[in-house]
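Engineer: As input, take start_27.cif (mmCIF, C-alpha atoms):
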```cif
data_model
loop_
_atom_site.label_atom_id
_atom_site.label_comp_id
_atom_site.auth_asym_id
_atom_site.auth_seq_id
_atom_site.Cartn_x
_atom_site.Cartn_y
_atom_site.Cartn_z
CA MET A 225 119.33 -84.27 -96.22
CA ALA A 226 118.15 -86.93 -93.83
CA LEU A 227 117.58 -86.06 -90.19
CA PRO A 228 119.43 -88.05 -87.64
CA GLY A 229 117.15 -90.63 -86.01
CA GLU A 230 117.49 -89.15 -82.52
CA LEU A 231 116.18 -85.69 -83.68
CA LEU A 232 113.06 -87.01 -85.36
CA LEU A 233 110.98 -87.44 -82.20
CA PRO A 234 111.69 -84.02 -80.54
CA LEU A 235 111.16 -82.24 -83.83
CA SER A 236 107.85 -83.92 -84.40
CA PHE A 237 106.76 -82.84 -80.88
CA ILE A 238 107.81 -79.26 -81.63
CA GLY A 239 105.93 -79.43 -84.94
CA LEU A 240 102.83 -80.75 -83.23
CA ALA A 241 103.01 -78.01 -80.59
CA LEU A 242 103.38 -75.34 -83.29
CA LEU A 243 100.45 -76.88 -85.13
CA ILE A 244 98.32 -76.79 -81.99
CA ILE A 245 99.30 -73.15 -81.32
CA ALA A 246 98.54 -72.20 -84.91
CA ALA A 247 95.18 -74.02 -84.80
CA THR A 248 94.27 -72.31 -81.52
CA ALA A 249 95.20 -68.91 -82.93
CA ILE A 250 93.20 -69.57 -86.08
CA ALA A 251 90.24 -70.80 -84.03
CA ALA A 252 90.43 -67.68 -81.84
CA ILE A 253 90.53 -65.42 -84.88
CA TRP A 254 87.71 -67.33 -86.54
CA ASP A 255 85.66 -67.23 -83.29
CA GLY A 256 86.21 -63.48 -83.00
CA ARG A 257 85.23 -62.80 -86.61
CA ARG A 258 82.18 -65.04 -86.50
CA ASN A 259 80.81 -64.76 -82.93
CA ARG A 260 81.66 -61.25 -81.79
CA PRO A 261 79.01 -59.61 -84.04
CA ARG A 262 76.47 -62.18 -82.85
CA ALA A 263 77.34 -61.56 -79.20
CA GLU A 264 77.13 -57.78 -79.74
CA LEU A 265 73.76 -58.19 -81.46
CA GLY A 266 72.55 -60.32 -78.53
CA LEU A 267 73.65 -57.63 -76.09
CA ARG A 268 71.85 -54.91 -78.07
CA GLU A 269 68.66 -56.99 -78.13
CA LEU A 270 68.94 -57.65 -74.41
CA SER A 271 69.51 -53.97 -73.73
CA ASP A 272 66.43 -53.01 -75.83
CA ARG A 273 64.25 -55.52 -74.03
CA ILE A 274 65.40 -54.35 -70.60
CA ALA A 275 64.30 -50.81 -71.53
CA ILE A 276 60.63 -51.87 -71.82
CA LEU A 277 60.61 -53.93 -68.62
CA PRO A 278 58.67 -52.74 -65.57
CA ASP A 279 60.92 -51.21 -62.91
CA PHE A 280 60.76 -54.13 -60.51
CA ALA A 281 62.39 -56.48 -63.07
CA LYS A 282 65.03 -54.13 -64.46
CA GLY A 283 67.61 -54.77 -61.70
CA GLU A 284 67.85 -58.53 -62.23
CA PHE A 285 68.20 -58.33 -66.02
CA THR A 286 70.55 -55.34 -65.93
CA ALA A 287 72.87 -57.47 -63.77
CA MET A 288 72.68 -60.22 -66.41
CA LEU A 289 73.48 -57.65 -69.14
CA ASP A 290 76.53 -56.48 -67.19
CA ASP A 291 77.75 -60.09 -66.85
CA ALA A 292 77.34 -60.61 -70.60
CA ARG A 293 79.26 -57.37 -71.32
CA THR A 294 82.09 -58.58 -69.08
CA LEU A 295 82.19 -61.86 -70.99
CA LEU A 296 82.31 -59.92 -74.28
CA ALA A 297 85.21 -57.85 -72.99
CA GLN A 298 86.99 -61.09 -72.07
CA LYS A 299 86.37 -62.32 -75.66
CA ARG A 300 84.31 -65.20 -74.30
CA TYR A 301 81.79 -64.73 -77.09
CA ARG A 302 79.99 -68.06 -76.81
CA GLU A 303 79.45 -67.65 -73.07
CA CYS A 304 78.37 -64.08 -73.68
CA MET A 305 75.79 -65.23 -76.27
CA LYS A 306 74.62 -67.98 -73.96
CA ARG A 307 74.17 -65.49 -71.11
CA SER A 308 72.32 -63.04 -73.36
CA ALA A 309 70.05 -65.79 -74.69
CA GLU A 310 69.21 -66.89 -71.13
CA ALA A 311 68.35 -63.32 -70.17
CA VAL A 312 66.23 -62.81 -73.32
CA LYS A 313 64.34 -66.05 -72.62
CA GLY A 314 63.70 -64.91 -69.03
CA ILE A 315 62.50 -61.54 -70.29
CA THR A 316 60.15 -63.16 -72.85
CA GLU A 317 58.65 -65.31 -70.12
CA LEU A 318 58.36 -62.32 -67.80
CA MET A 319 56.82 -60.10 -70.50
CA GLU A 320 54.04 -62.66 -71.03
CA VAL A 321 53.13 -62.35 -67.33
CA VAL A 322 53.48 -58.55 -67.56
CA ARG A 323 51.18 -58.51 -70.61
CA GLN A 324 48.54 -60.46 -68.69
CA GLY A 325 48.96 -58.20 -65.67
CA ARG A 326 48.62 -55.03 -67.75
CA ALA A 327 45.52 -56.41 -69.52
CA GLU A 328 44.02 -57.24 -66.12
CA LEU A 329 44.85 -53.75 -64.89
CA ARG A 330 43.22 -52.09 -67.92
CA SER A 331 40.07 -54.14 -67.34
CA ILE A 332 40.05 -53.07 -63.67
CA GLU A 333 40.48 -49.41 -64.67
CA THR A 334 37.45 -49.69 -66.97
CA LYS A 335 35.36 -51.12 -64.13
CA VAL A 336 36.56 -48.40 -61.75
CA GLU A 337 35.50 -45.77 -64.31
CA GLU A 338 32.08 -47.42 -64.64
CA LEU A 339 31.63 -47.31 -60.86
CA ARG A 340 32.74 -43.67 -60.84
CA SER A 341 30.13 -42.84 -63.50
CA ARG A 342 27.53 -44.38 -61.16
CA GLY A 343 28.74 -42.21 -58.27
CA LEU A 344 31.16 -44.51 -56.43
CA VAL A 345 34.76 -43.30 -56.29
CA ILE A 346 37.08 -46.19 -55.49
CA ASP A 347 39.84 -45.49 -52.98
CA ARG A 348 42.71 -46.71 -55.19
CA HIS A 349 45.20 -46.73 -52.35
CA ALA A 350 42.94 -48.72 -50.02
CA VAL A 351 42.13 -51.44 -52.58
CA GLY A 352 45.80 -51.69 -53.58
CA LEU A 353 45.26 -50.49 -57.13
CA ASP A 354 47.86 -47.73 -56.88
CA SER A 355 50.64 -50.12 -55.90
CA VAL A 356 49.91 -52.71 -58.62
CA SER A 357 49.61 -49.94 -61.25
CA ARG A 358 53.06 -48.74 -60.22
CA PHE A 359 54.47 -52.27 -60.43
CA TRP A 360 53.06 -52.93 -63.91
CA GLY A 361 54.39 -49.57 -64.98
CA GLU A 362 50.97 -48.33 -66.07
CA GLY A 363 49.98 -46.00 -63.26
CA ARG A 364 47.38 -43.28 -63.90
CA MET B 1337 62.93 -64.50 -55.48
CA THR B 1338 63.35 -63.75 -59.18
CA SER B 1339 61.48 -61.13 -61.17
CA ILE B 1340 59.26 -63.75 -62.78
CA ASP B 1341 58.19 -64.99 -59.34
CA VAL B 1342 57.46 -61.42 -58.27
CA ALA B 1343 55.48 -60.86 -61.49
CA ARG B 1344 53.43 -64.03 -60.99
CA GLU B 1345 52.60 -63.06 -57.43
CA LEU B 1346 51.69 -59.56 -58.61
CA LEU B 1347 49.44 -60.99 -61.33
CA LEU B 1348 47.63 -63.00 -58.70
CA ARG B 1349 47.22 -59.89 -56.56
CA THR B 1350 45.94 -57.89 -59.55
CA ARG B 1351 43.38 -60.61 -60.30
CA ASN B 1352 42.25 -60.50 -56.67
CA ILE B 1353 41.78 -56.72 -56.93
CA GLY B 1354 39.79 -57.28 -60.15
CA ALA B 1355 37.55 -59.80 -58.37
CA CYS B 1356 37.10 -57.34 -55.51
CA ILE B 1357 36.09 -54.53 -57.92
CA ASP B 1358 33.67 -56.93 -59.64
CA SER B 1359 32.07 -57.78 -56.32
CA ILE B 1360 31.58 -54.07 -55.49
CA ALA B 1361 29.16 -53.54 -58.39
CA GLU B 1362 26.26 -55.54 -56.91
CA PRO B 1363 26.16 -54.02 -53.40
CA HIS B 1364 26.58 -50.61 -55.00
CA ARG B 1365 23.53 -51.24 -57.19
CA LYS B 1366 21.69 -52.20 -54.00
CA VAL B 1367 22.77 -48.94 -52.30
CA ILE B 1368 21.49 -46.95 -55.31
CA GLU B 1369 18.19 -48.83 -55.11
CA LEU B 1370 17.92 -48.12 -51.36
CA ARG B 1371 18.72 -44.44 -51.93
CA ASN B 1372 16.00 -44.22 -54.58
CA GLU B 1373 13.54 -45.67 -52.07
CA LEU B 1374 14.22 -42.67 -49.83
CA SER B 1375 12.58 -40.38 -52.37
CA ARG B 1376 9.36 -42.44 -52.25
CA GLU B 1377 6.66 -42.81 -49.59
CA PRO B 1378 6.71 -42.73 -46.61
CA PHE B 1379 10.09 -40.98 -46.59
CA GLY B 1380 8.98 -37.92 -48.59
CA GLU B 1381 7.50 -36.31 -45.45
CA LEU B 1382 10.35 -37.25 -43.11
CA ASP B 1383 13.41 -35.10 -43.83
CA ARG B 1384 15.30 -36.05 -40.68
CA VAL B 1385 14.80 -39.76 -41.25
CA VAL B 1386 15.94 -39.32 -44.85
CA ASP B 1387 19.06 -37.43 -43.70
CA ASP B 1388 19.86 -40.13 -41.16
CA LEU B 1389 19.35 -43.01 -43.58
CA SER B 1390 21.25 -41.19 -46.35
CA ALA B 1391 24.21 -40.83 -43.98
CA GLU B 1392 24.04 -44.57 -43.30
CA LEU B 1393 24.03 -45.29 -47.03
CA ARG B 1394 26.99 -42.96 -47.49
CA SER B 1395 28.93 -44.90 -44.86
CA ILE B 1396 28.12 -48.14 -46.74
CA GLU B 1397 29.44 -46.52 -49.93
CA GLU B 1398 32.55 -45.52 -48.01
CA LEU B 1399 33.09 -49.21 -47.14
CA LEU B 1400 32.58 -50.16 -50.79
CA SER B 1401 35.02 -47.52 -52.00
CA ARG B 1402 37.66 -49.15 -49.78
CA GLY B 1403 36.83 -52.60 -51.15
CA MET B 1404 35.29 -53.83 -47.87
CA VAL B 1405 32.52 -55.74 -49.64
CA ASN B 1406 31.61 -58.18 -46.85
CA GLU B 1407 31.34 -55.39 -44.32
CA ALA B 1408 29.21 -53.42 -46.79
CA TRP B 1409 26.84 -56.37 -47.27
CA SER B 1410 26.52 -56.72 -43.49
CA SER B 1411 25.73 -53.02 -43.18
CA ILE B 1412 23.17 -53.28 -46.01
CA ASN B 1413 21.46 -56.14 -44.18
CA VAL B 1414 21.42 -54.15 -40.95
CA TYR B 1415 20.09 -51.10 -42.83
CA GLU B 1416 17.30 -53.08 -44.49
CA GLY B 1417 16.34 -54.70 -41.20
CA ARG B 1418 16.24 -51.33 -39.48
CA VAL B 1419 14.15 -49.74 -42.24
CA SER B 1420 11.68 -52.63 -42.35
CA LEU B 1421 11.21 -52.32 -38.58
CA MET B 1422 10.81 -48.55 -38.83
CA THR B 1423 8.49 -48.51 -41.87
CA PRO B 1424 5.09 -49.03 -40.12
CA ALA B 1425 5.87 -46.25 -37.62
CA LEU B 1426 7.23 -44.07 -40.44
CA ARG B 1427 4.08 -44.54 -42.51
CA GLN B 1428 1.95 -43.52 -39.55
CA LEU B 1429 4.23 -40.58 -38.82
CA ALA B 1430 4.17 -39.43 -42.45
CA GLY B 1431 0.37 -39.63 -42.50
CA LEU B 1432 0.13 -37.54 -39.33
CA LYS B 1433 2.58 -35.00 -40.71
CA ARG B 1434 0.58 -34.68 -43.92
CA GLY B 1435 -2.59 -34.20 -41.93
CA MET B 1436 -0.98 -31.60 -39.68
CA ARG B 1437 0.38 -29.71 -42.68
CA ALA B 1438 -3.05 -29.77 -44.31
CA MET B 1439 -4.42 -28.27 -41.12
CA GLY B 1440 -1.86 -25.50 -41.38
CA VAL B 1441 0.50 -26.74 -38.64
CA VAL B 1442 3.98 -26.53 -40.12
CA ALA B 1443 6.00 -28.29 -37.41
CA SER B 1444 4.75 -30.23 -34.44
CA PRO B 1445 7.27 -30.75 -31.60
CA GLU B 1446 5.46 -33.96 -30.63
CA LEU B 1447 5.89 -35.44 -34.10
CA LEU B 1448 9.55 -34.36 -34.20
CA ALA B 1449 10.06 -36.10 -30.84
CA ILE B 1450 8.41 -39.25 -32.24
CA GLU B 1451 10.67 -39.02 -35.32
CA ASP B 1452 13.65 -38.90 -32.96
CA MET B 1453 12.34 -41.97 -31.13
CA VAL B 1454 12.05 -43.87 -34.42
CA LEU B 1455 15.57 -42.81 -35.40
CA GLY B 1456 16.85 -43.81 -31.98
CA SER B 1457 15.25 -47.26 -32.48
CA ASP B 1458 12.86 -46.71 -29.55
CA LEU B 1459 10.16 -48.22 -31.74
CA ALA B 1460 7.89 -49.47 -28.95
CA GLU B 1461 7.97 -46.04 -27.33
CA ALA B 1462 7.42 -44.36 -30.71
CA GLU B 1463 4.41 -46.55 -31.50
CA GLU B 1464 2.94 -45.77 -28.08
CA ALA B 1465 3.49 -42.07 -28.66
CA LEU B 1466 1.96 -42.35 -32.14
CA ARG B 1467 -1.12 -44.07 -30.71
CA SER B 1468 -1.61 -41.42 -28.06
CA PHE B 1469 -0.90 -38.64 -30.58
CA GLY B 1470 -3.38 -40.21 -33.03
CA THR B 1471 -6.10 -40.33 -30.35
CA ALA B 1472 -5.42 -36.73 -29.40
CA GLY B 1473 -5.32 -35.78 -33.09
CA SER B 1474 -8.67 -37.38 -33.91
CA ALA B 1475 -10.13 -35.77 -30.81
CA ALA B 1476 -8.77 -32.53 -32.11
CA VAL B 1477 -10.69 -33.01 -35.34
CA THR B 1478 -13.99 -33.57 -33.54
CA LYS B 1479 -13.20 -31.28 -30.62
CA PRO B 1480 -11.43 -28.21 -31.87
CA GLU B 1481 -10.73 -27.00 -28.33
CA ALA B 1482 -8.23 -29.84 -27.89
CA VAL B 1483 -6.03 -28.40 -30.62
CA SER B 1484 -3.72 -25.56 -29.85
CA ARG B 1485 -5.72 -23.31 -32.09
CA SER B 1486 -8.88 -21.84 -30.64
CA GLU B 1487 -12.33 -22.85 -31.82
CA ALA B 1488 -12.86 -19.40 -33.24
CA GLU B 1489 -10.00 -19.92 -35.67
CA GLU B 1490 -11.34 -23.18 -37.14
CA ARG B 1491 -14.53 -24.40 -38.72
CA SER B 1492 -15.87 -27.59 -40.17
CA CYS B 1493 -15.82 -28.04 -43.97
CA ALA B 1494 -19.37 -28.18 -45.32
CA ILE B 1495 -18.48 -30.90 -47.81
CA CYS B 1496 -15.97 -33.24 -46.15
CA GLY B 1497 -16.61 -32.30 -42.52
CA ARG B 1498 -12.92 -31.96 -41.56
CA MET B 1499 -11.68 -29.10 -39.40
CA VAL B 1500 -9.96 -26.39 -41.41
CA ARG B 1501 -8.52 -23.01 -40.57
CA ALA B 1502 -11.16 -20.30 -40.60
CA ASP B 1503 -9.03 -17.93 -42.64
CA LEU B 1504 -8.71 -20.35 -45.57
CA ASP B 1505 -10.88 -19.65 -48.63
CA GLN B 1506 -10.74 -23.24 -49.76
CA CYS B 1507 -10.82 -26.58 -47.89
CA PRO B 1508 -7.33 -28.13 -48.16
CA PHE B 1509 -8.86 -31.63 -48.08
CA CYS B 1510 -11.67 -31.49 -50.67
CA GLY B 1511 -11.17 -28.13 -52.38
CA TRP B 1512 -14.58 -26.73 -51.42
CA GLU B 1513 -14.64 -22.96 -51.71
CA VAL B 1514 -16.07 -21.06 -48.73
CA GLY B 1515 -19.22 -19.20 -49.64
CA ALA B 1516 -20.11 -21.49 -52.55
CA PRO B 1517 -23.89 -22.08 -52.37
CA SER B 1518 -24.64 -25.49 -50.80
CA ALA B 1519 -27.73 -27.59 -50.07
CA GLU B 1520 -28.68 -30.98 -48.64
CA CYS B 1521 -29.08 -34.00 -50.89
CA PRO B 1522 -32.75 -35.12 -50.71
CA GLU B 1523 -31.70 -38.76 -51.03
CA CYS B 1524 -28.84 -39.20 -48.56
CA GLY B 1525 -28.79 -35.92 -46.70
CA SER B 1526 -25.13 -35.09 -47.37
CA THR B 1527 -24.06 -31.55 -48.13
CA VAL B 1528 -23.72 -30.82 -51.81
CA LEU B 1529 -22.91 -27.72 -53.77
CA ARG B 1530 -25.86 -26.20 -55.55
CA SER B 1531 -23.90 -26.25 -58.79
CA PHE B 1532 -23.70 -30.09 -58.68
CA ARG B 1533 -25.88 -32.06 -61.13
CA ALA B 1534 -25.68 -35.18 -58.96
CA CYS B 1535 -24.80 -35.99 -55.35
CA PRO B 1536 -21.17 -37.15 -55.06
CA SER B 1537 -22.10 -39.38 -52.08
CA CYS B 1538 -25.14 -41.34 -53.39
CA GLY B 1539 -24.89 -40.60 -57.12
CA LYS B 1540 -28.56 -39.56 -57.44
CA GLY B 1541 -29.39 -36.63 -59.68
CA LEU B 1542 -30.17 -33.44 -57.83
CA PRO B 1543 -33.61 -31.85 -58.48
CA THR B 1544 -33.82 -28.51 -60.24
CA SER B 1545 -35.19 -26.87 -57.06
CA ILE B 1546 -31.80 -27.45 -55.39
CA ARG B 1547 -29.90 -26.27 -58.42
CA GLU B 1548 -32.11 -23.12 -58.59
CA GLY B 1549 -30.14 -20.03 -59.22
CA THR B 1550 -27.18 -21.94 -60.60
CA VAL B 1551 -28.90 -23.15 -63.81
CA LEU B 1552 -29.79 -20.73 -66.56
CA PRO B 1553 -33.58 -20.79 -67.19
CA LEU B 1554 -34.65 -22.10 -70.58
CA VAL B 1555 -36.36 -19.28 -72.44
CA ILE B 1556 -39.09 -20.32 -74.87
CA ASP B 1557 -40.59 -17.76 -77.07
#
```
Could you express the structure from this file as C-alpha cells?

Structural biologist:
Amino acid sequence: MALPGELLLPLSFIGLALLIIAATAIAAIWDGRRNRPRAELGLRELSDRIAILPDFAKGEFTAMLDDARTLLAQKRYRECMKRSAEAVKGITELMEVVRQGRAELRSIETKVEELRSRGLVIDRHAVGLDSVSRFWGEGR
Amino acid sequence: MTSIDVARELLLRTRNIGACIDSIAEPHRKVIELRNELSREPFGELDRVVDDLSAELRSIEELLSRGMVNEAWSSINVYEGRVSLMTPALRQLAGLKRGMRAMGVVASPELLAIEDMVLGSDLAEAEEALRSFGTAGSAAVTKPEAVSRSEAEERSCAICGRMVRADLDQCPFCGWEVGAPSAECPECGSTVLRSFRACPSCGKGLPTSIREGTVLPLVID
C-alpha cells in the first residue's frame, strides 16, 4: 500500500524524531550502565583520599566530593567523574607537599630530641613547632 | 587561597623552623663550652661569680630555647667580653682566697666586697681594692700584727717561712710537721729537716753530722 505523497514528509519527520528519542534513551541507558560504576568508584577513591588528608585541607576537598555526589544523583556521570578526577589530582599534588612537610617535621623533631639530650629544651610553642605539627597532622 | 597554597606556605614555614633549630646547635655548643670553663680556674674559688655567670648562661639558653638565635649570639659576645675583662681580677681574687684559706681564714668580708665589685663591673675599683688588699696581705705575712689574728696565734714555718696558725701540726703550704728535727744547710744556710739526705734549696748532700740521730749507725763486728 503506497502512502500518499503529502504524508511522506510528516511521517519521515515523526520517524526521525522517534529515532532520535530512541537513540537518546539508548545512550542514557548505555551511559548509566557503563559510567555509573566508574563514577561511584571515583567517589569512593576520593572519599578514601580525603580521609588521610591533614585537617586544613579536608574542607576544600569535602566540598568537591559533595559536588560530585550531587552530579551522580543527577545522573551526570561524566561530569561527576571529571569532578572526582580533578579533586584526586589536587589531592595527589597536595599530598606530595604534605609528604615533604611531614619529612621536614620528623627531621626537626630528631634535632629537637638531640638538643634535649644535650640539656636544651626547645620551647615548641615559641618556635612555632606546635602549630606546624598540628597542621601536618603529626603533632606529638 | 586553596589548600595547596596553604600547604606550600606551611612547608616554607616548616623549613624556616628547621633552619632555626639547626642554627641553635652551634650557640648551644658554645654555651656548654662556656659553662665547662666555669668549673676550671680561676672560677673554682669564686662561688658567687660562678652563680652569677651561670645565671647569665641560663638566660642565654632561655633565648635559644625560644629560637632567638641572634639575640643569643649577642648575649654570648657580651658574656665573653665581660668574662675576659673580669678574668685578671678574678685570677688575683682566686689567688688571694686560696692564700687566705690556707692561712685558716674561711671568709674575708674584704674579698667578698671585691668579688661584688667585679660582679658589678666596677673593675677599676676592684683592681684598686685588690692592690691595697694585696699590700696589706703581704704585710700581714711579714708582720703578723697586721692580721686580725694575734701574733701569739701564728708562727713562721721553719721550712717555707710563711705565717701559719700556731695550732696547726703541719704547715699548709709545704707540709712540714711541727717538731720534726731541723738544721741549717752548711752550703746555703736554708732550714732543712734532719731526715733529709740533700738540701732541697741548693741540692748539696747533707753531712752525716746534720743527719745524726736520724740515720741508723752501721754496726761492724

Engineer: So which residues touch Lys313 in chain A within 12 Å, counting only C-alpha atoms, skipping near sequence neighbours fewer than 2 positions away, as a PDB file with C-alpha atoms, in the coordinates of the input?

Structural biologist:
```
ATOM      1  CA  GLY A 266      72.550 -60.320 -78.530  1.00  0.00           C
ATOM      2  CA  GLU A 269      68.660 -56.990 -78.130  1.00  0.00           C
ATOM      3  CA  LEU A 270      68.940 -57.650 -74.410  1.00  0.00           C
ATOM      4  CA  ARG A 273      64.250 -55.520 -74.030  1.00  0.00           C
ATOM      5  CA  ILE A 274      65.400 -54.350 -70.600  1.00  0.00           C
ATOM      6  CA  PHE A 285      68.200 -58.330 -66.020  1.00  0.00           C
ATOM      7  CA  MET A 288      72.680 -60.220 -66.410  1.00  0.00           C
ATOM      8  CA  LYS A 306      74.620 -67.980 -73.960  1.00  0.00           C
ATOM      9  CA  ARG A 307      74.170 -65.490 -71.110  1.00  0.00           C
ATOM     10  CA  SER A 308      72.320 -63.040 -73.360  1.00  0.00           C
ATOM     11  CA  ALA A 309      70.050 -65.790 -74.690  1.00  0.00           C
ATOM     12  CA  GLU A 310      69.210 -66.890 -71.130  1.00  0.00           C
ATOM     13  CA  ALA A 311      68.350 -63.320 -70.170  1.00  0.00           C
ATOM     14  CA  ILE A 315      62.500 -61.540 -70.290  1.00  0.00           C
ATOM     15  CA  THR A 316      60.150 -63.160 -72.850  1.00  0.00           C
ATOM     16  CA  GLU A 317      58.650 -65.310 -70.120  1.00  0.00           C
ATOM     17  CA  LEU A 318      58.360 -62.320 -67.800  1.00  0.00           C
ATOM     18  CA  MET A 319      56.820 -60.100 -70.500  1.00  0.00           C
ATOM     19  CA  GLU A 320      54.040 -62.660 -71.030  1.00  0.00           C
TER      20      GLU A 320
ATOM     21  CA  ILE B1340      59.260 -63.750 -62.780  1.00  0.00           C
TER      22      ILE B1340
END
```

Engineer: Per residue of chain B within 8 Å of chain A, what are the shortest atom pair and its distance in Å to one decimal, counting only C-alpha atoms, with rows by chain and residue number, as a Markdown table?

Structural biologist:
```
| residue | atom | partner | partner_atom | distance |
| --- | --- | --- | --- | --- |
| B:Thr1338 | CA | A:Glu284 | CA | 7.5 |
| B:Ser1339 | CA | A:Ala281 | CA | 5.1 |
| B:Ile1340 | CA | A:Leu318 | CA | 5.3 |
| B:Ala1343 | CA | A:Val321 | CA | 6.5 |
| B:Arg1344 | CA | A:Val321 | CA | 6.6 |
| B:Leu1346 | CA | A:Val356 | CA | 7.1 |
| B:Leu1347 | CA | A:Gly325 | CA | 5.2 |
| B:Arg1349 | CA | A:Val356 | CA | 7.9 |
| B:Thr1350 | CA | A:Val356 | CA | 6.6 |
| B:Arg1351 | CA | A:Glu328 | CA | 6.8 |
| B:Ile1353 | CA | A:Val351 | CA | 6.9 |
| B:Gly1354 | CA | A:Ile332 | CA | 5.5 |
| B:Ile1357 | CA | A:Lys335 | CA | 7.1 |
| B:Asp1358 | CA | A:Lys335 | CA | 7.5 |
| B:Ala1361 | CA | A:Leu339 | CA | 7.1 |
| B:His1364 | CA | A:Leu344 | CA | 7.8 |
| B:Glu1397 | CA | A:Leu344 | CA | 7.0 |
| B:Leu1400 | CA | A:Ile346 | CA | 7.6 |
| B:Ser1401 | CA | A:Ile346 | CA | 4.3 |
| B:Arg1402 | CA | A:Ala350 | CA | 5.3 |
| B:Gly1403 | CA | A:Val351 | CA | 5.6 |
```

Engineer: Kindly give the distance, in Å, that separates CA of Ala292 in chain A and CA of Ile244 in chain A, rounded to a single decimal.

Structural biologist: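 So the two atoms, CA of Ala292 in chain A and CA of Ile244 in chain A, lie 28.8 Å apart.
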
Engineer: Just give me the gap between CA of Val312 in chain A and CA of Ala327 in chain A in Å, one decimal is fine.

Structural biologist: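 Interatomic distance, CA of Val312 in chain A to CA of Ala327 in chain A: 22.0 Å.
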
Engineer: Contacts of Pro1363 in chain B at 10 Å or less, counting only C-alpha atoms, minus same-chain residues fewer than 2 places along, as a VMD selection string?

Structural biologist: chain B and resid 1359 to 1361 1365 to 1369 1396 to 1397 1400 1405 to 1406 1408 to 1409 1412

Engineer: CA of Gly1456 in chain B and CA of Met1439 in chain B are how many Å apart?

Structural biologist: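 Atom-to-atom, CA of Gly1456 in chain B to CA of Met1439 in chain B, that is 27.9 Å.
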
Engineer: Going by the chain IDs and residue numbers used in this file, which residues fall under the PyMOL selection byres ((chain B and resi 1533) around 9)? Write them as a ChimeraX atom specification.

Structural biologist: /B:1530-1532,1534-1535,1540-1544,1547

Engineer: Can you translate the PyMOL selection byres ((chain B and resi 1525) around 12) into the concrete residues it hits in this file, as a list in words?

Structural biologist: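 This file gives the following for the PyMOL selection byres ((chain B and resi 1525) around 12): Ile1495, Ser1518, Ala1519, Glu1520, Cys1521, Pro1522, Glu1523, Cys1524, Ser1526, Thr1527, Val1528, Cys1535, Pro1536, Ser1537, Cys1538, Lys1540 and Leu1542 of chain B.
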
Engineer: With only C-alpha atoms as the counted atoms, please give the residues lying no more than 10 Å from Arg262 in chain A, apart from itself and same-chain residues fewer than 4 positions off, as number ranges by chain.

Structural biologist: A: 256-258, 266-268, 301-302, 304-305
